[in-house]
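K.L.:
I'm passing along upload22.txt; it holds compact mmCIF, C-alpha atoms.
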# COMPACT_ATOMS: atom_id res chain seq x y z
CA VAL A 1 72.32 -132.05 -116.99
CA ARG A 2 69.07 -132.52 -118.90
CA GLY A 3 70.72 -133.34 -122.18
CA PHE A 4 73.52 -132.50 -124.56
CA THR A 5 74.32 -132.83 -128.25
CA GLN A 6 77.26 -134.85 -129.51
CA ASP A 7 78.70 -134.86 -133.02
CA ASP A 8 78.89 -138.63 -133.00
CA ALA A 9 80.13 -140.81 -135.85
CA HIS A 10 80.67 -144.57 -135.96
CA ILE A 11 83.01 -145.86 -138.65
CA PHE A 12 83.18 -149.56 -139.49
CA CYS A 13 86.56 -150.79 -140.72
CA THR A 14 88.49 -153.87 -141.66
CA PRO A 15 91.68 -154.48 -139.65
CA ASP A 16 93.89 -153.18 -142.45
CA GLN A 17 91.88 -149.92 -142.64
CA ILE A 18 91.83 -148.83 -139.00
CA GLU A 19 95.18 -147.04 -138.78
CA ALA A 20 94.48 -144.85 -141.81
CA GLU A 21 91.01 -144.12 -140.45
CA VAL A 22 92.39 -143.10 -137.05
CA VAL A 23 94.87 -140.80 -138.83
CA ASN A 24 91.96 -139.23 -140.75
CA CYS A 25 90.01 -138.72 -137.52
CA LEU A 26 92.98 -137.09 -135.76
CA GLU A 27 93.72 -134.81 -138.71
CA PHE A 28 90.04 -133.83 -138.80
CA ALA A 29 90.11 -133.07 -135.06
CA ILE A 30 93.33 -131.04 -135.29
CA ASP A 31 92.02 -129.05 -138.26
CA THR A 32 88.80 -128.34 -136.34
CA LEU A 33 90.65 -127.09 -133.26
CA LYS A 34 92.98 -124.91 -135.34
CA THR A 35 90.06 -123.45 -137.29
CA PHE A 36 88.47 -122.27 -134.05
CA GLY A 37 91.76 -120.76 -132.88
CA PHE A 38 92.97 -123.40 -130.43
CA THR A 39 96.70 -123.95 -130.87
CA GLU A 40 97.79 -125.66 -127.65
CA TYR A 41 96.68 -129.26 -127.28
CA HIS A 42 97.96 -132.79 -126.74
CA ALA A 43 96.65 -136.34 -126.76
CA GLU A 44 96.04 -138.93 -124.07
CA VAL A 45 95.98 -142.60 -125.07
CA SER A 46 93.91 -144.74 -122.72
CA THR A 47 94.93 -148.42 -122.79
CA TRP A 48 93.85 -151.62 -121.05
CA ASP A 49 95.57 -153.66 -118.33
CA GLY A 50 96.46 -156.56 -120.58
CA GLY A 51 93.36 -158.44 -119.51
CA ALA A 52 94.50 -158.96 -115.92
CA SER A 53 91.30 -157.63 -114.36
CA GLY A 54 88.89 -159.33 -116.71
CA LYS A 55 86.82 -156.14 -116.97
CA TYR A 56 87.55 -155.42 -120.62
CA ASP A 57 85.58 -156.70 -123.60
CA GLY A 58 87.17 -157.88 -126.83
CA THR A 59 90.03 -160.26 -127.57
CA PRO A 60 93.72 -159.66 -126.78
CA GLU A 61 94.36 -159.59 -130.53
CA GLN A 62 91.80 -156.79 -131.00
CA TRP A 63 93.29 -154.75 -128.16
CA GLU A 64 96.83 -155.18 -129.44
CA LEU A 65 95.87 -154.20 -132.98
CA ALA A 66 93.78 -151.20 -131.86
CA GLU A 67 96.36 -149.82 -129.43
CA LYS A 68 99.10 -150.20 -132.03
CA SER A 69 97.02 -148.29 -134.58
CA LEU A 70 96.42 -145.47 -132.07
CA ARG A 71 100.13 -145.16 -131.28
CA ASN A 72 101.12 -145.22 -134.95
CA ALA A 73 98.46 -142.66 -135.90
CA ILE A 74 99.60 -140.25 -133.18
CA GLU A 75 103.17 -140.55 -134.43
CA LYS A 76 102.11 -139.95 -138.04
CA VAL A 77 100.24 -136.72 -137.24
CA GLY A 78 103.00 -135.49 -134.90
CA LEU A 79 100.95 -135.20 -131.72
CA LYS A 80 102.41 -135.10 -128.24
CA ALA A 81 100.79 -137.89 -126.25
CA ASP A 82 100.62 -139.32 -122.74
CA VAL A 83 99.77 -142.99 -122.21
CA MET A 84 97.12 -143.66 -119.54
CA PRO A 85 97.37 -147.36 -118.54
CA ASP A 86 94.16 -149.07 -117.43
CA GLU A 87 92.11 -145.96 -118.30
CA ALA A 88 90.41 -147.34 -121.40
CA ALA A 89 86.68 -147.87 -121.61
CA PHE A 90 85.69 -151.50 -121.11
CA TYR A 91 84.83 -151.78 -124.80
CA GLY A 92 88.07 -150.42 -126.33
CA PRO A 93 91.10 -148.09 -126.19
CA LYS A 94 90.83 -144.43 -127.09
CA ILE A 95 92.56 -141.13 -127.78
CA ASP A 96 91.32 -137.99 -126.04
CA MET A 97 92.38 -134.57 -127.30
CA LYS A 98 93.03 -132.14 -124.44
CA LEU A 99 93.27 -128.43 -125.24
CA VAL A 100 94.45 -125.46 -123.22
CA ASP A 101 92.30 -122.32 -123.38
CA ALA A 102 93.33 -118.66 -123.19
CA ILE A 103 93.60 -118.70 -119.38
CA GLY A 104 95.44 -122.00 -119.09
CA ARG A 105 92.57 -124.37 -118.29
CA ARG A 106 92.62 -127.87 -119.79
CA TRP A 107 89.56 -129.32 -121.47
CA GLN A 108 88.82 -132.67 -123.05
CA LEU A 109 87.27 -132.30 -126.48
CA SER A 110 87.85 -134.60 -129.44
CA THR A 111 87.76 -138.37 -128.91
CA VAL A 112 88.71 -141.29 -131.15
CA GLN A 113 87.49 -144.49 -129.51
CA PHE A 114 87.45 -148.15 -130.50
CA ASP A 115 84.38 -150.21 -129.66
CA PHE A 116 84.70 -153.99 -129.75
CA THR A 117 81.32 -154.60 -128.13
CA LEU A 118 78.67 -153.14 -130.45
CA PRO A 119 79.74 -154.92 -133.67
CA ARG A 120 79.47 -158.21 -131.77
CA ARG A 121 76.13 -157.35 -130.15
CA PHE A 122 74.63 -156.26 -133.46
CA GLY A 123 75.97 -159.34 -135.21
CA LEU A 124 77.75 -157.25 -137.84
CA GLU A 125 79.74 -159.08 -140.48
CA TYR A 126 81.45 -158.47 -143.81
CA ILE A 127 82.81 -160.88 -146.38
CA ALA A 128 86.59 -160.56 -146.64
CA GLU A 129 88.90 -161.50 -149.50
CA ASP A 130 89.14 -165.02 -148.12
CA GLY A 131 85.42 -165.45 -148.79
CA LYS A 132 84.62 -165.78 -145.10
CA ALA A 133 82.50 -163.64 -142.78
CA HIS A 134 84.42 -161.46 -140.31
CA GLN A 135 83.40 -159.00 -137.61
CA PRO A 136 84.34 -155.38 -138.46
CA LEU A 137 86.09 -153.04 -136.07
CA MET A 138 84.24 -149.88 -135.08
CA VAL A 139 85.81 -146.47 -134.54
CA HIS A 140 83.73 -143.95 -132.62
CA ARG A 141 84.66 -140.34 -133.38
CA ALA A 142 83.46 -137.10 -131.76
CA LEU A 143 85.22 -133.88 -132.76
CA TYR A 144 83.56 -131.48 -130.31
CA GLY A 145 82.50 -133.83 -127.54
CA SER A 146 79.45 -131.98 -126.27
CA ILE A 147 78.67 -129.18 -128.70
CA GLU A 148 77.15 -127.12 -125.87
CA ARG A 149 80.31 -127.47 -123.79
CA PHE A 150 82.49 -126.69 -126.80
CA PHE A 151 80.74 -123.39 -127.42
CA GLY A 152 80.93 -122.56 -123.72
CA ILE A 153 84.69 -123.09 -123.91
CA LEU A 154 84.82 -121.03 -127.10
CA VAL A 155 82.98 -118.07 -125.54
CA GLU A 156 85.31 -118.06 -122.54
CA HIS A 157 88.42 -118.57 -124.67
CA TYR A 158 87.68 -115.41 -126.68
CA ALA A 159 85.97 -113.61 -123.77
CA GLY A 160 83.19 -112.88 -126.26
CA ALA A 161 85.51 -111.07 -128.71
CA PHE A 162 85.09 -113.59 -131.50
CA PRO A 163 87.04 -113.51 -134.76
CA VAL A 164 85.04 -111.84 -137.52
CA TRP A 165 83.94 -115.12 -139.11
CA LEU A 166 82.51 -116.34 -135.77
CA ALA A 167 81.02 -113.10 -134.46
CA PRO A 168 77.20 -113.19 -134.17
CA VAL A 169 77.17 -109.59 -135.45
CA GLN A 170 80.12 -108.80 -137.72
CA ALA A 171 79.44 -105.12 -138.37
CA ILE A 172 77.10 -102.41 -137.13
CA VAL A 173 76.16 -99.22 -138.96
CA LEU A 174 75.97 -96.06 -136.81
CA PRO A 175 74.34 -92.99 -138.38
CA ILE A 176 75.46 -89.80 -136.62
CA THR A 177 72.09 -88.05 -136.95
CA ASP A 178 68.67 -88.70 -138.42
CA ARG A 179 69.84 -87.12 -141.68
CA GLN A 180 72.03 -90.14 -142.39
CA THR A 181 69.48 -92.80 -141.46
CA GLU A 182 68.47 -93.50 -145.05
CA TYR A 183 72.09 -93.85 -146.17
CA GLY A 184 72.87 -95.96 -143.10
CA ARG A 185 70.04 -98.33 -143.95
CA SER A 186 71.37 -98.59 -147.49
CA VAL A 187 74.82 -99.49 -146.15
CA HIS A 188 73.28 -102.05 -143.81
CA GLN A 189 71.36 -103.65 -146.66
CA GLN A 190 74.51 -103.89 -148.78
CA LEU A 191 76.30 -105.63 -145.92
CA VAL A 192 73.46 -108.12 -145.57
CA ASP A 193 73.33 -108.66 -149.34
CA ALA A 194 77.07 -109.43 -149.22
CA GLY A 195 76.35 -112.28 -146.81
CA LEU A 196 77.46 -110.52 -143.63
CA ARG A 197 75.74 -110.57 -140.26
CA ALA A 198 75.10 -106.87 -139.80
CA THR A 199 72.79 -104.54 -137.94
CA ILE A 200 72.11 -100.82 -137.68
CA ASP A 201 71.66 -98.59 -134.64
CA ASP A 202 69.46 -95.80 -135.96
CA ARG A 203 68.23 -94.61 -132.57
CA GLY A 204 68.25 -90.88 -131.92
CA GLU A 205 71.18 -91.17 -129.50
CA LYS A 206 74.60 -89.55 -129.55
CA VAL A 207 77.04 -91.42 -131.76
CA ASN A 208 79.60 -91.73 -128.96
CA LEU A 209 77.05 -93.68 -126.92
CA LYS A 210 76.34 -95.94 -129.89
CA ILE A 211 80.06 -96.57 -130.36
CA ARG A 212 80.54 -97.36 -126.69
CA GLU A 213 77.63 -99.81 -126.64
CA ALA A 214 78.90 -101.54 -129.80
CA GLN A 215 82.35 -101.88 -128.21
CA LEU A 216 80.81 -103.41 -125.09
CA GLN A 217 79.01 -105.90 -127.33
CA LYS A 218 82.44 -106.66 -128.89
CA ILE A 219 81.15 -106.22 -132.42
CA PRO A 220 84.23 -106.41 -134.69
CA TYR A 221 83.45 -103.38 -136.87
CA MET A 222 81.52 -100.14 -136.44
CA LEU A 223 80.69 -98.12 -139.54
CA VAL A 224 80.00 -94.50 -138.63
CA VAL A 225 78.18 -92.53 -141.31
CA GLY A 226 77.72 -88.77 -141.37
CA ASP A 227 76.97 -86.21 -144.07
CA ARG A 228 80.40 -86.58 -145.67
CA GLU A 229 80.13 -90.36 -145.86
CA ALA A 230 76.61 -90.16 -147.29
CA GLN A 231 77.75 -87.74 -150.00
CA ASN A 232 80.81 -89.82 -150.98
CA THR A 233 79.40 -93.35 -150.52
CA THR A 234 82.00 -94.09 -147.87
CA VAL A 235 82.06 -95.30 -144.27
CA SER A 236 84.19 -94.27 -141.30
CA VAL A 237 85.52 -97.57 -139.96
CA ARG A 238 86.33 -98.37 -136.35
CA ASN A 239 87.16 -101.76 -134.89
CA ARG A 240 86.38 -102.99 -131.41
CA ARG A 241 89.94 -102.32 -130.23
CA TYR A 242 89.06 -98.60 -130.27
CA ALA A 243 91.13 -98.19 -133.44
CA ASP A 244 90.00 -95.61 -135.98
CA MET A 245 90.70 -97.14 -139.39
CA GLY A 246 89.76 -94.03 -141.32
CA VAL A 247 87.23 -93.29 -144.03
CA ARG A 248 86.98 -95.92 -146.74
CA PRO A 249 84.81 -96.55 -149.77
CA LEU A 250 82.10 -99.03 -148.84
CA ALA A 251 83.23 -101.40 -151.60
CA GLU A 252 86.74 -101.44 -150.13
CA PHE A 253 85.44 -102.27 -146.66
CA LEU A 254 83.28 -105.06 -148.05
CA THR A 255 86.29 -106.60 -149.78
CA MET A 256 88.35 -106.39 -146.59
CA ILE A 257 85.79 -107.94 -144.25
CA GLN A 258 84.81 -110.67 -146.71
CA GLU A 259 88.48 -111.65 -146.99
CA GLN A 260 88.73 -111.82 -143.19
CA VAL A 261 85.63 -113.98 -143.01
CA HIS A 262 86.85 -116.26 -145.79
CA SER A 263 90.38 -116.67 -144.42
CA LYS A 264 89.26 -116.75 -140.76
CA ILE A 265 91.98 -114.30 -139.71
CA PRO A 266 91.65 -112.11 -136.59
CA ILE A 267 91.05 -108.37 -136.91
CA GLU A 268 93.69 -107.41 -134.38
Show me, as structure tokens, the structure contained in the file I just sent.
P.N.:
Amino acid sequence: VRGFTQDDAHIFCTPDQIEAEVVNCLEFAIDTLKTFGFTEYHAEVSTWDGGASGKYDGTPEQWELAEKSLRNAIEKVGLKADVMPDEAAFYGPKIDMKLVDAIGRRWQLSTVQFDFTLPRRFGLEYIAEDGKAHQPLMVHRALYGSIERFFGILVEHYAGAFPVWLAPVQAIVLPITDRQTEYGRSVHQQLVDAGLRATIDDRGEKVNLKIREAQLQKIPYMLVVGDREAQNTTVSVRNRRYADMGVRPLAEFLTMIQEQVHSKIPIE
């Protein structure tokens, strides 16, 4: 590994704020996973050994407070969780979100982690209501873990057949012959102007070949345009599941696909 990118956040809290902040982090993580289409996941809570080994940083009071906040937060958001004794990092307890992909593999993604070490090393303090200086607690949060790994998981989960909102190319225009190239380019431009990721295959190849290649690329929608479509300002719509959706006015198709992008619903 030469490097990776992590969506890392460090949140500084007072003791009375940490449970609500952990709840916010978990809800954020769950919403993120659901948005990308992951529905099967659970949590693992990694705790310390009670200080028996001497390998953990922080005070017993900090560990007790942090672990209690993690347990309470999991209960509040309704997550299934397994407790992993003596699996915490030396600097604090954590929650790992484990998801199951489309072929049953388990992956660790989101993490909510306490860190008792860095606030002390940086000499961080805040003035509390008692007028005295106190050391804040730090919550480390990463929703995706490694972003590169997350997108690798995402590609394999969908086998490249992304939902419309995620697809690199959302629609492709396929003129049947050279006579429809000008109209096809007009359709393509209207798709782009509507904010869609679209392309056009205006090569002088048979339309069946173009359709087949678009299906292999798993492009959600193929818009076939012939003389009839050019005359009536319509498009013949096919989706990547080989389904012929019929001839539709271009405006109607634009409304449909924009709704799918906005609502993040699948096409199948």
K.L.:
How far is it from atom CA of Leu137 of chain A to atom CA of Val45 of chain A, in Å with one decimal?
P.N.:
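Computing the Euclidean distance for atom CA of Leu137 of chain A and atom CA of Val45 of chain A yields 18.1 Å.
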K.L.:
Taking only residues of segment 76-162 of chain A that have an atom at most 10 Å from an atom of segment 52-58 of chain A, what is each one's shortest atom pair and its distance in Å to one decimal, using only C-alpha atoms, in chain and number order, as JSON lines?
P.N.:
{"residue": "A:Asp86", "atom": "CA", "partner": "A:Ser53", "partner_atom": "CA", "distance": 9.5}
{"residue": "A:Ala88", "atom": "CA", "partner": "A:Tyr56", "partner_atom": "CA", "distance": 8.6}
{"residue": "A:Ala89", "atom": "CA", "partner": "A:Tyr56", "partner_atom": "CA", "distance": 7.7}
{"residue": "A:Phe90", "atom": "CA", "partner": "A:Tyr56", "partner_atom": "CA", "distance": 4.4}
{"residue": "A:Tyr91", "atom": "CA", "partner": "A:Asp57", "partner_atom": "CA", "distance": 5.1}
{"residue": "A:Gly92", "atom": "CA", "partner": "A:Asp57", "partner_atom": "CA", "distance": 7.3}
{"residue": "A:Pro93", "atom": "CA", "partner": "A:Tyr56", "partner_atom": "CA", "distance": 9.9}
{"residue": "A:Asp115", "atom": "CA", "partner": "A:Gly58", "partner_atom": "CA", "distance": 8.6}
{"residue": "A:Phe116", "atom": "CA", "partner": "A:Gly58", "partner_atom": "CA", "distance": 5.5}
{"residue": "A:Thr117", "atom": "CA", "partner": "A:Asp57", "partner_atom": "CA", "distance": 6.6}
{"residue": "A:Arg120", "atom": "CA", "partner": "A:Gly58", "partner_atom": "CA", "distance": 9.2}
K.L.:
Could you check which of A:Gly152, A:Gly3, A:Gly51, A:Gly131 is closest to Leu109 of chain A, using only C-alpha atoms?
P.N.:
A:Gly152
K.L.:
Let me make sure I understand: among A:Leu216, A:Ala29, A:Val22, A:Leu99, which one has the smallest atom-to-atom distance to Arg71 of chain A if we use all atoms listed in the file?
P.N.:
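Among the listed residues, A:Val22 lies closest to Arg71 of chain A.
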K.L.:
How many Å separate atom CA of Glu125 of chain A from atom CA of Leu65 of chain A?
P.N.:
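Computed distance, atom CA of Glu125 of chain A to atom CA of Leu65 of chain A, equals 18.4 Å.
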K.L.:
With segment 160-171 of chain A as the partner and 12 Å as the cut-off, tabulate the residues of segment 2-100 of chain A that qualify, each row holding the nearest pair of atoms and their distance in Å to one decimal, using only C-alpha atoms, sorted by chain and rising number, as JSON lines.
P.N.:
{"residue": "A:Thr35", "atom": "CA", "partner": "A:Leu166", "partner_atom": "CA", "distance": 10.5}
{"residue": "A:Phe36", "atom": "CA", "partner": "A:Leu166", "partner_atom": "CA", "distance": 8.6}
{"residue": "A:Gly37", "atom": "CA", "partner": "A:Pro163", "partner_atom": "CA", "distance": 8.9}
K.L.:
Would you list the residues near (90.1, -130.6, -135.9), meaning any protein, DNA or RNA residue with an atom at most 12 Å from that point in file coordinates, counting all atoms listed in the file, as a PyMOL selection string?
P.N.:
chain A and resi 23-39+41+77+97-99+109-112+141-145
K.L.:
Which value, in Å to one decimal, gives the distance between atom CA of Val237 of chain A and atom CA of Lys206 of chain A?
P.N.:
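Rounded to one decimal, the two atoms are 17.1 Å apart.
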K.L.:
Give the answer as one residue: which of A:Thr14, A:Ser46, A:Thr233, A:Thr5 has the shortest atom-to-atom distance to Val247 of chain A, using all atoms listed in the file?
P.N.:
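Smallest separation from Val247 of chain A among the options: A:Thr233.
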K.L.:
Go through A:Pro136, A:Ile219, A:Val207, A:Leu196 and flag the residue nearest Glu259 of chain A, using all atoms listed in the file for the distances.
P.N.:
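For Glu259 of chain A, the nearest of the given residues is A:Leu196.
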K.L.:
Find the residue from A:Ala230, A:Ala133, A:Leu124, A:Ile200 that sits nearest to Phe12 of chain A; use only C-alpha atoms when measuring.
P.N.:
A:Leu124
K.L.:
Name all residues at most 12 Å from Gly184 of chain A (count only C-alpha atoms; drop same-chain ones fewer than 6 positions away) and give them as an NGL selection string.
P.N.:
:A and (172-178 or 190-191 or 198-203 or 222-227 or 229-231 or 233-236 or 250)
K.L.:
Just to be explicit: take each residue in the selection above, keep C-alpha atoms, and write the result as an mmCIF file, in the coordinates of the input.
P.N.:
data_model
loop_
_atom_site.group_PDB
_atom_site.id
_atom_site.type_symbol
_atom_site.label_atom_id
_atom_site.label_comp_id
_atom_site.auth_asym_id
_atom_site.auth_seq_id
_atom_site.Cartn_x
_atom_site.Cartn_y
_atom_site.Cartn_z
ATOM 1 C CA ILE A 172 77.100 -102.410 -137.130
ATOM 2 C CA VAL A 173 76.160 -99.220 -138.960
ATOM 3 C CA LEU A 174 75.970 -96.060 -136.810
ATOM 4 C CA PRO A 175 74.340 -92.990 -138.380
ATOM 5 C CA ILE A 176 75.460 -89.800 -136.620
ATOM 6 C CA THR A 177 72.090 -88.050 -136.950
ATOM 7 C CA ASP A 178 68.670 -88.700 -138.420
ATOM 8 C CA GLN A 190 74.510 -103.890 -148.780
ATOM 9 C CA LEU A 191 76.300 -105.630 -145.920
ATOM 10 C CA ALA A 198 75.100 -106.870 -139.800
ATOM 11 C CA THR A 199 72.790 -104.540 -137.940
ATOM 12 C CA ILE A 200 72.110 -100.820 -137.680
ATOM 13 C CA ASP A 201 71.660 -98.590 -134.640
ATOM 14 C CA ASP A 202 69.460 -95.800 -135.960
ATOM 15 C CA ARG A 203 68.230 -94.610 -132.570
ATOM 16 C CA MET A 222 81.520 -100.140 -136.440
ATOM 17 C CA LEU A 223 80.690 -98.120 -139.540
ATOM 18 C CA VAL A 224 80.000 -94.500 -138.630
ATOM 19 C CA VAL A 225 78.180 -92.530 -141.310
ATOM 20 C CA GLY A 226 77.720 -88.770 -141.370
ATOM 21 C CA ASP A 227 76.970 -86.210 -144.070
ATOM 22 C CA GLU A 229 80.130 -90.360 -145.860
ATOM 23 C CA ALA A 230 76.610 -90.160 -147.290
ATOM 24 C CA GLN A 231 77.750 -87.740 -150.000
ATOM 25 C CA THR A 233 79.400 -93.350 -150.520
ATOM 26 C CA THR A 234 82.000 -94.090 -147.870
ATOM 27 C CA VAL A 235 82.060 -95.300 -144.270
ATOM 28 C CA SER A 236 84.190 -94.270 -141.300
ATOM 29 C CA LEU A 250 82.100 -99.030 -148.840
#
